[in-house]
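Structure file entry24.cif with mmCIF, C-alpha atoms and all ligand atoms:
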data_final
loop_
_atom_site.label_atom_id
_atom_site.label_comp_id
_atom_site.auth_asym_id
_atom_site.auth_seq_id
_atom_site.Cartn_x
_atom_site.Cartn_y
_atom_site.Cartn_z
CA MET Y 61 76.03 92.01 138.05
CA LEU Y 62 76.29 89.55 135.19
CA PRO Y 63 79.73 88.24 134.26
CA LYS Y 64 81.05 89.50 130.93
CA ARG Y 65 80.32 87.61 127.73
CA PRO Y 66 83.37 86.20 125.92
CA PRO Y 67 84.92 88.44 123.25
CA ARG Y 68 83.45 88.02 119.78
CA ASP Y 69 85.24 85.55 117.56
CA GLN Y 70 87.76 86.90 115.12
CA ARG Y 71 86.10 87.92 111.85
CA VAL Y 72 87.46 86.89 108.49
CA GLY Y 73 89.10 89.86 106.76
CA PHE Y 74 88.27 90.44 103.10
CA ILE Y 75 89.84 92.49 100.33
CA TYR Y 76 88.82 92.36 96.70
CA ALA Y 77 91.81 92.92 94.43
CA PRO Y 78 90.31 92.06 91.04
CA PRO Y 79 90.27 89.31 89.96
CA TYR Y 80 91.30 87.95 93.37
CA ARG Y 81 89.65 87.76 96.74
CA ILE Y 82 92.15 87.93 99.56
CA GLN Y 83 90.42 86.62 102.66
CA GLY Y 84 91.52 85.31 106.01
CA ILE Y 85 92.53 86.04 109.54
CA SER Y 86 96.00 87.13 110.59
CA ILE Y 87 97.32 88.32 113.93
CA GLY Y 88 101.06 88.13 114.49
CA GLY Y 89 102.04 85.37 116.91
CA GLU Y 90 98.46 84.13 117.24
CA GLN Y 91 97.11 82.87 113.95
CA THR Y 92 97.45 83.37 110.22
CA VAL Y 93 95.51 81.94 107.30
CA VAL Y 94 95.13 83.82 104.02
CA GLN Y 95 93.07 82.36 101.21
CA VAL Y 96 92.83 83.24 97.54
CA PRO Y 97 89.78 81.21 96.42
CA GLU Y 98 90.44 81.93 92.72
CA LEU Y 99 93.74 80.07 93.07
CA GLY Y 100 92.36 77.27 95.27
CA LEU Y 101 95.08 78.15 97.74
CA ASN Y 102 95.57 78.97 101.40
CA PHE Y 103 98.76 80.64 102.48
CA ASP Y 104 99.41 79.14 105.93
CA ILE Y 105 96.79 77.49 108.11
CA GLY Y 106 97.19 78.66 111.68
CA LEU Y 107 93.45 78.23 112.03
CA ALA Y 108 90.82 76.81 109.73
CA PRO Y 109 87.68 78.91 109.35
CA ARG Y 110 85.17 77.15 107.11
CA MET Y 111 86.22 78.91 103.91
CA ALA Y 112 89.80 77.62 104.31
CA ILE Y 113 88.65 74.00 104.02
CA THR Y 114 87.58 74.46 100.40
CA ALA Y 115 91.04 75.25 98.97
CA PRO Y 116 92.81 72.07 97.83
CA PHE Y 117 96.29 73.53 98.49
CA VAL Y 118 98.04 74.99 101.52
CA ALA Y 119 101.32 76.82 100.95
CA LEU Y 120 102.95 76.62 104.37
CA SER Y 121 105.55 79.32 104.95
CA HIS Y 122 107.12 77.81 108.10
CA GLY Y 123 106.47 75.68 111.14
CA HIS Y 124 105.58 78.24 113.81
CA MET Y 125 102.37 77.22 115.54
CA ASP Y 126 100.49 80.38 114.52
CA HIS Y 127 100.90 79.32 110.87
CA VAL Y 128 100.48 75.55 111.02
CA ALA Y 129 98.23 74.65 113.95
CA ALA Y 130 95.09 73.86 111.94
CA LEU Y 131 96.75 71.69 109.29
CA PRO Y 132 95.50 68.31 110.65
CA TYR Y 133 92.02 69.76 111.13
CA TYR Y 134 92.06 71.05 107.54
CA PHE Y 135 92.99 67.60 106.21
CA SER Y 136 90.38 65.97 108.43
CA GLN Y 137 87.54 68.34 107.49
CA ARG Y 138 88.24 67.79 103.81
CA MET Y 139 87.84 64.08 104.39
CA PHE Y 140 84.67 64.67 106.42
CA LEU Y 141 83.23 66.76 103.56
CA LYS Y 142 84.29 64.11 101.01
CA MET Y 143 86.66 66.43 99.16
CA VAL Y 144 89.88 65.26 97.54
CA PRO Y 145 92.69 65.08 100.11
CA GLY Y 146 94.38 68.44 100.76
CA THR Y 147 97.98 69.05 99.71
CA CYS Y 148 100.36 70.95 101.96
CA VAL Y 149 103.40 72.39 100.21
CA CYS Y 150 106.23 73.10 102.65
CA HIS Y 151 109.95 73.64 103.17
CA PRO Y 152 111.84 70.33 102.69
CA GLU Y 153 113.05 70.48 106.30
CA LEU Y 154 109.45 70.49 107.51
CA ALA Y 155 108.12 67.60 105.43
CA GLY Y 156 109.38 64.87 107.80
CA PRO Y 157 108.12 66.50 111.01
CA LEU Y 158 104.72 67.20 109.43
CA LYS Y 159 104.40 63.59 108.27
CA ASN Y 160 105.27 62.48 111.82
CA MET Y 161 102.63 64.82 113.19
CA MET Y 162 100.00 63.26 110.93
CA GLN Y 163 101.18 59.80 112.06
CA GLY Y 164 100.62 60.93 115.64
CA TRP Y 165 97.04 61.85 114.84
CA ILE Y 166 96.33 58.29 113.67
CA GLN Y 167 96.95 57.13 117.24
CA VAL Y 168 95.03 60.01 118.78
CA GLU Y 169 91.94 59.54 116.61
CA ASN Y 170 92.27 55.86 115.83
CA GLN Y 171 91.72 56.59 112.16
CA GLN Y 172 93.71 57.57 109.08
CA THR Y 173 93.28 61.00 107.55
CA PRO Y 174 94.22 61.16 103.87
CA HIS Y 175 96.67 63.96 103.16
CA THR Y 176 99.56 64.92 100.91
CA ILE Y 177 102.67 66.69 102.14
CA THR Y 178 104.87 67.95 99.32
CA PRO Y 179 108.32 69.37 100.05
CA LEU Y 180 109.26 72.27 97.80
CA ALA Y 181 112.81 73.63 97.93
CA PRO Y 182 113.50 77.31 97.30
CA GLY Y 183 113.40 77.84 93.53
CA GLU Y 184 111.16 74.84 92.85
CA GLU Y 185 107.59 75.03 91.52
CA ILE Y 186 104.47 72.90 91.62
CA GLU Y 187 101.41 73.19 89.36
CA ILE Y 188 98.28 74.07 91.35
CA LYS Y 189 95.95 74.71 88.39
CA PRO Y 190 96.51 74.38 84.65
CA SER Y 191 99.37 76.77 83.76
CA LEU Y 192 99.50 78.15 87.33
CA MET Y 193 102.69 77.37 89.20
CA LEU Y 194 103.27 77.84 92.92
CA LYS Y 195 106.91 78.81 93.36
CA ALA Y 196 108.85 78.49 96.62
CA ILE Y 197 111.23 81.34 97.42
CA GLU Y 198 113.71 81.37 100.28
CA ALA Y 199 112.67 83.63 103.17
CA LYS Y 200 114.74 84.62 106.22
CA HIS Y 201 113.06 83.94 109.54
CA THR Y 202 114.14 82.30 112.81
CA VAL Y 203 113.34 78.85 111.34
CA PRO Y 204 113.48 77.42 107.76
CA SER Y 205 110.95 79.55 105.94
CA LEU Y 206 109.49 80.16 102.50
CA SER Y 207 107.90 82.99 100.63
CA PHE Y 208 105.66 82.03 97.72
CA ALA Y 209 104.58 83.36 94.36
CA VAL Y 210 101.88 82.07 92.02
CA VAL Y 211 103.17 82.46 88.49
CA GLU Y 212 101.12 81.94 85.35
CA HIS Y 213 102.94 80.27 82.47
CA ARG Y 214 101.55 81.69 79.23
CA SER Y 215 102.49 80.11 75.95
CA LYS Y 216 103.30 82.89 73.47
CA LEU Y 217 104.12 82.81 69.78
CA LYS Y 218 107.77 83.73 69.26
CA GLU Y 219 108.17 87.19 67.80
CA GLU Y 220 109.82 86.02 64.61
CA PHE Y 221 106.68 84.06 63.73
CA ALA Y 222 104.16 86.81 64.49
CA GLY Y 223 101.67 87.47 61.69
CA LEU Y 224 102.35 84.23 59.79
CA PRO Y 225 99.29 82.31 58.56
CA GLN Y 226 98.27 79.15 60.46
CA THR Y 227 99.25 76.84 57.59
CA GLU Y 228 102.75 78.29 57.58
CA LEU Y 229 103.03 77.96 61.39
CA ARG Y 230 101.90 74.34 61.15
CA ARG Y 231 104.56 73.64 58.53
CA ILE Y 232 107.30 75.24 60.65
CA ARG Y 233 106.22 73.23 63.67
CA SER Y 234 106.04 69.98 61.69
CA GLU Y 235 109.69 70.50 60.81
CA GLY Y 236 110.45 70.23 64.50
CA ASN Y 237 110.77 73.92 65.33
CA GLU Y 238 109.51 75.38 68.59
CA ILE Y 239 107.21 78.25 67.62
CA THR Y 240 106.21 79.36 71.13
CA HIS Y 241 108.00 80.46 74.27
CA THR Y 242 106.74 80.61 77.84
CA LEU Y 243 105.94 83.99 79.30
CA LYS Y 244 105.97 83.89 83.12
CA VAL Y 245 103.50 86.27 84.74
CA PRO Y 246 103.64 86.55 88.55
CA LEU Y 247 100.09 87.00 89.84
CA VAL Y 248 100.10 86.87 93.64
CA ALA Y 249 103.04 86.74 96.06
CA TYR Y 250 103.16 86.03 99.79
CA THR Y 251 106.11 86.95 102.00
CA GLY Y 252 105.40 84.64 104.95
CA ASP Y 253 107.26 85.60 108.15
CA THR Y 254 110.60 87.05 107.11
CA GLU Y 255 113.10 89.77 107.66
CA MET Y 256 114.13 92.04 104.81
CA ASN Y 257 116.02 90.11 102.15
CA GLU Y 258 117.14 90.17 98.52
CA ASN Y 259 114.42 87.85 97.28
CA LEU Y 260 111.72 90.30 98.29
CA VAL Y 261 113.09 92.89 95.90
CA SER Y 262 113.67 90.52 92.96
CA THR Y 263 111.48 88.76 90.40
CA PRO Y 264 108.81 87.40 90.89
CA PHE Y 265 108.00 89.69 93.86
CA ASN Y 266 108.77 92.85 91.87
CA GLU Y 267 106.37 91.86 89.12
CA ALA Y 268 103.45 90.40 91.09
CA GLY Y 269 100.08 92.15 90.72
CA VAL Y 270 99.03 91.51 94.32
CA ILE Y 271 101.32 91.03 97.30
CA VAL Y 272 100.38 89.80 100.75
CA THR Y 273 103.10 90.90 103.14
CA GLU Y 274 103.73 90.55 106.79
CA CYS Y 275 104.45 93.76 108.67
CA THR Y 276 104.63 92.94 112.34
CA PHE Y 277 106.00 96.19 113.78
CA PHE Y 278 105.12 99.85 113.31
CA GLU Y 279 106.56 101.81 116.21
CA ASP Y 280 110.02 103.42 115.91
CA ASP Y 281 111.33 101.74 119.05
CA HIS Y 282 110.22 98.32 117.78
CA PHE Y 283 112.84 98.23 115.05
CA ASP Y 284 115.08 96.05 117.26
CA ARG Y 285 112.24 93.71 118.04
CA ALA Y 286 111.67 93.24 114.31
CA ARG Y 287 115.38 92.49 113.85
CA ILE Y 288 115.51 89.95 116.68
CA GLY Y 289 112.30 88.14 115.69
CA LYS Y 290 113.28 88.39 112.00
CA HIS Y 291 110.16 90.23 110.92
CA LEU Y 292 109.40 93.25 108.78
CA HIS Y 293 108.97 96.74 110.19
CA VAL Y 294 107.03 99.49 108.44
CA GLU Y 295 110.40 101.12 107.58
CA HIS Y 296 111.14 98.09 105.38
CA LEU Y 297 107.89 98.54 103.50
CA LYS Y 298 109.23 101.80 102.14
CA GLU Y 299 112.01 100.05 100.27
CA LEU Y 300 109.75 97.18 99.27
CA LEU Y 301 107.06 99.41 97.80
CA GLN Y 302 109.65 101.15 95.69
CA SER Y 303 110.55 97.90 94.01
CA TRP Y 304 107.08 96.30 93.92
CA LYS Y 305 104.82 96.98 90.94
CA ALA Y 306 101.79 95.57 92.81
CA GLU Y 307 98.79 97.85 92.85
CA THR Y 308 97.40 96.08 95.90
CA VAL Y 309 99.58 95.25 98.89
CA VAL Y 310 97.80 93.48 101.71
CA VAL Y 311 99.41 93.81 105.14
CA ILE Y 312 99.00 90.91 107.55
CA HIS Y 313 100.59 89.64 110.79
CA THR Y 314 100.16 92.90 112.70
CA SER Y 315 100.16 92.15 116.41
CA ARG Y 316 97.01 92.20 118.51
CA ARG Y 317 98.43 95.23 120.30
CA THR Y 318 98.73 97.17 117.06
CA HIS Y 319 96.09 99.83 116.95
CA LEU Y 320 95.14 99.91 113.27
CA GLU Y 321 94.45 103.63 113.11
CA SER Y 322 97.80 104.56 114.63
CA ALA Y 323 99.53 101.97 112.42
CA ARG Y 324 97.88 103.58 109.42
CA LYS Y 325 99.04 107.02 110.54
CA LYS Y 326 102.57 105.75 110.98
CA MET Y 327 102.38 104.12 107.56
CA ILE Y 328 101.26 107.32 105.84
CA GLU Y 329 104.06 109.20 107.61
CA THR Y 330 106.61 106.64 106.46
CA LEU Y 331 105.38 105.82 102.99
CA GLY Y 332 103.61 108.97 101.81
CA GLU Y 333 101.57 108.49 98.64
CA ASP Y 334 102.64 104.87 98.34
CA SER Y 335 100.54 104.05 101.39
CA GLU Y 336 97.44 104.23 99.17
CA ARG Y 337 98.42 100.84 97.74
CA ILE Y 338 98.35 99.28 101.20
CA HIS Y 339 95.37 97.60 102.83
CA PHE Y 340 95.31 95.94 106.23
CA LEU Y 341 93.60 92.55 106.00
CA MET Y 342 92.10 92.98 109.46
CA ASP Y 343 90.79 96.53 109.00
CA HIS Y 344 87.20 95.35 108.55
CA HIS Y 345 85.73 98.83 108.63
CA ARG Y 346 87.85 100.35 105.85
CA ASN Y 347 87.76 97.18 103.77
CA ARG Y 348 83.98 97.16 103.89
CA ILE Y 349 83.79 100.76 102.71
CA ARG Y 350 86.25 99.99 99.92
CA TYR Y 351 84.21 96.98 98.82
CA GLU Y 352 81.01 99.03 98.78
CA GLN Y 353 82.75 101.59 96.58
CA GLN Y 354 83.88 98.81 94.26
CA GLU Y 355 80.29 97.56 94.18
CA SER Y 356 78.79 100.95 93.36
CA SER Y 357 81.36 101.75 90.67
CA LEU Y 358 80.54 98.43 89.05
CA GLU Y 359 76.84 99.31 89.24
CA SER Y 360 77.34 102.68 87.57
CA GLU Y 361 79.55 101.06 84.91
CA LYS Y 362 76.74 98.61 84.20
CA GLU Y 363 74.15 101.38 84.03
CA GLY Y 364 76.46 103.34 81.75
CA SER Y 365 76.85 100.47 79.31
CA GLU Y 366 73.11 99.68 79.40
CA ALA Y 367 72.33 103.30 78.59
CA ALA Y 368 74.84 103.20 75.74
CA GLY Y 369 73.22 99.97 74.49
CA LYS Y 370 69.81 101.65 74.34
CA GLY Y 371 71.10 104.72 72.54
ZN ZN Y 401 103.97 84.29 112.62
ZN ZN Y 402 107.13 82.88 112.56
#
Let's see the structure in the file written out as structure tokens.
Ligand SMILES: [Zn+2]
Ligand SMILES: [Zn+2]
Amino acid sequence: MLPKRPPRDQRVGFIYAPPYRIQGISIGGEQTVVQVPELGLNFDIGLAPRMAITAPFVALSHGHMDHVAALPYYFSQRMFLKMVPGTCVCHPELAGPLKNMMQGWIQVENQQTPHTITPLAPGEEIEIKPSLMLKAIEAKHTVPSLSFAVVEHRSKLKEEFAGLPQTELRRIRSEGNEITHTLKVPLVAYTGDTEMNENLVSTPFNEAGVIVTECTFFEDDHFDRARIGKHLHVEHLKELLQSWKAETVVVIHTSRRTHLESARKKMIETLGEDSERIHFLMDHHRNRIRYEQQESSLESEKEGSEAAGKG
């Protein structure tokens, strides 16, 4: 008898939440990387499939190996592919150790790998694209940990000036008056590894259009394990979904042992109708069907508008 072939490599999960693609691989305790190409951003980098190399930013939630292991490889591949050096945004307590790690690699490889490590304290922001700010939010895990939100800063005309002609607006501005204010629109938020906490039910999480959330445990008798490891349990999602406006909530960090169909059943039991907003990143089968439906509804929309154009 022939020996068994090795198991197939982990496939990249994919969910289209217009206008964003949420793609990556995430298994609790093993590896997590979640990319939003439209934002040029990876959340965590526990492994580096090819697509992850292309994002110029990594928002690192915390230092557990399953979230950070591929960081040096990411920096190195970007150099190899002649891309601008990657930037890793991390908790201030991690910046020193990560810089030391990269120093270590110089000795291992006998070459320098260009990289940028940027500490971001809870509450601070960094611009990742014009008008798009990556905001660090304090999370509560067994080590210093961050959640993140990408917030668009839109410049809006102040209400009192609405409807005024351009010449008038120019005059008001030339007199030194500020005619605009900044509207902050949370686009995508990422919990990282965390237990339930206040920040998850406050702005910007409440307002974000898409949320990527960990949910490590689903079984009733795993509630204590979630508490000890400082993770979220499906029971917590109930409260979170009540405060989140997000139409699409992507669940990651389920354990390898989690059987997705039974997790889904448990979720529907716990969350009722709200469970329709939830998608498991690693449920390739359902995500493919959903994408095909998105494709065909786009097709019929196109046909509809073409027909209207002819008429
Ligand atoms: Zn983890
Ligand atoms: Zn962790």
Name each residue within 7 Å of ligand ZN 402 (chain Y), counting all atoms listed in the file, as a VMD selection string.
-> chain Y and resid 122 124 201 253
Within 12 Å of Y:Gln70, counting all atoms listed in the file, which residues qualify if same-chain residues fewer than 4 places away don't, as a list of chain:residue names?
->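 My list of contacting residues is Y:Pro66, Y:Gly84, Y:Ile85, Y:Ser86, Y:Ile87, Y:Glu90, Y:Gln91, Y:Thr92, Y:Leu107, Y:Ala108, Y:Pro109, Y:Arg316, Y:Met342, Y:Asp343, Y:His344.
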Would you name the residues within 6 Å of ligand ZN 401 (chain Y), counting only C-alpha atoms and all ligand atoms, and put them as a ChimeraX atom specification?
-> /Y:88-89,126,253
Keeping only C-alpha atoms, write those residues as a tab-separated table (two decimals), in the frame of the given file.
chain	number	residue	atom	x	y	z
Y	88	GLY	CA	101.06	88.13	114.49
Y	89	GLY	CA	102.04	85.37	116.91
Y	126	ASP	CA	100.49	80.38	114.52
Y	253	ASP	CA	107.26	85.60	108.15
Around the point (111.7, 80.6, 114.7) in the file's coordinates, collect all residues with an atom within 9 Å, using only C-alpha atoms, and return them as an MDAnalysis selection string.
-> chainID Y and resid 122:124 201:205 289:290
With only C-alpha atoms as the atoms that count, which of Y:Leu297, Y:Leu131, Y:Leu243, Y:Val168 lies nearest to Y:Met256?
->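 When distances to Y:Met256 are compared using only C-alpha atoms, the smallest one comes from Y:Leu297.
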From the list Y:Ala367, Y:Ile338, Y:Val149, Y:Ala130, the nearest residue to Y:Glu187 using only C-alpha atoms is Y:Val149
Measure the distance from atom CA of Y:Trp165 to atom CA of Y:Pro132 in Å and round it to one decimal.
->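 Computed distance, atom CA of Y:Trp165 to atom CA of Y:Pro132, equals 7.9 Å.
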Residue contacts of Y:His345 (12 Å, all atoms listed in the file) excluding same-chain residues fewer than 2 positions away, as a ChimeraX atom specification = /Y:71,73-75,320-321,339-343,347-352
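When the distance limit is 8 Å and only C-alpha atoms are what count, the residues near stretch 271-287 of chain Y, minus those fewer than 5 positions from it on the same chain, are Gly88, Val248, Ala249, Tyr250, Thr251, Gly252, Asp253, Thr254, Glu255, Phe265, Leu292, His293, Val294, Glu295, Leu297, Ala306, Thr308, Val309, Val310, Val311, Ile312, His313, Thr314, Ser315, Thr318, Ala323, Lys326 and Met327 of chain Y.
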Can you pull out every residue within 12 Å of Y:His213, counting all atoms listed in the file, but drop anything in the same chain fewer than 6 positions away, and send it as a PyMOL selection string?
-> chain Y and resi 185-195+240-247
For atom CA of Y:His151 and atom CA of Y:Ala77, determine how far apart the two atoms are, in Å to one decimal place.
->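 Atom-to-atom, atom CA of Y:His151 to atom CA of Y:Ala77, that is 27.9 Å.
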Select, from Y:Glu220, Y:Glu169, Y:Glu359, Y:Glu198, the residue with the minimum atom-to-atom distance to Y:Ser262, counting all atoms listed in the file.
-> Y:Glu198
May I ask for the distance between atom CA of Y:Ile239 and atom CA of Y:Ala222, given in Å to one decimal place?
->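 Answer for the atom CA of Y:Ile239 to atom CA of Y:Ala222 separation: 9.6 Å.
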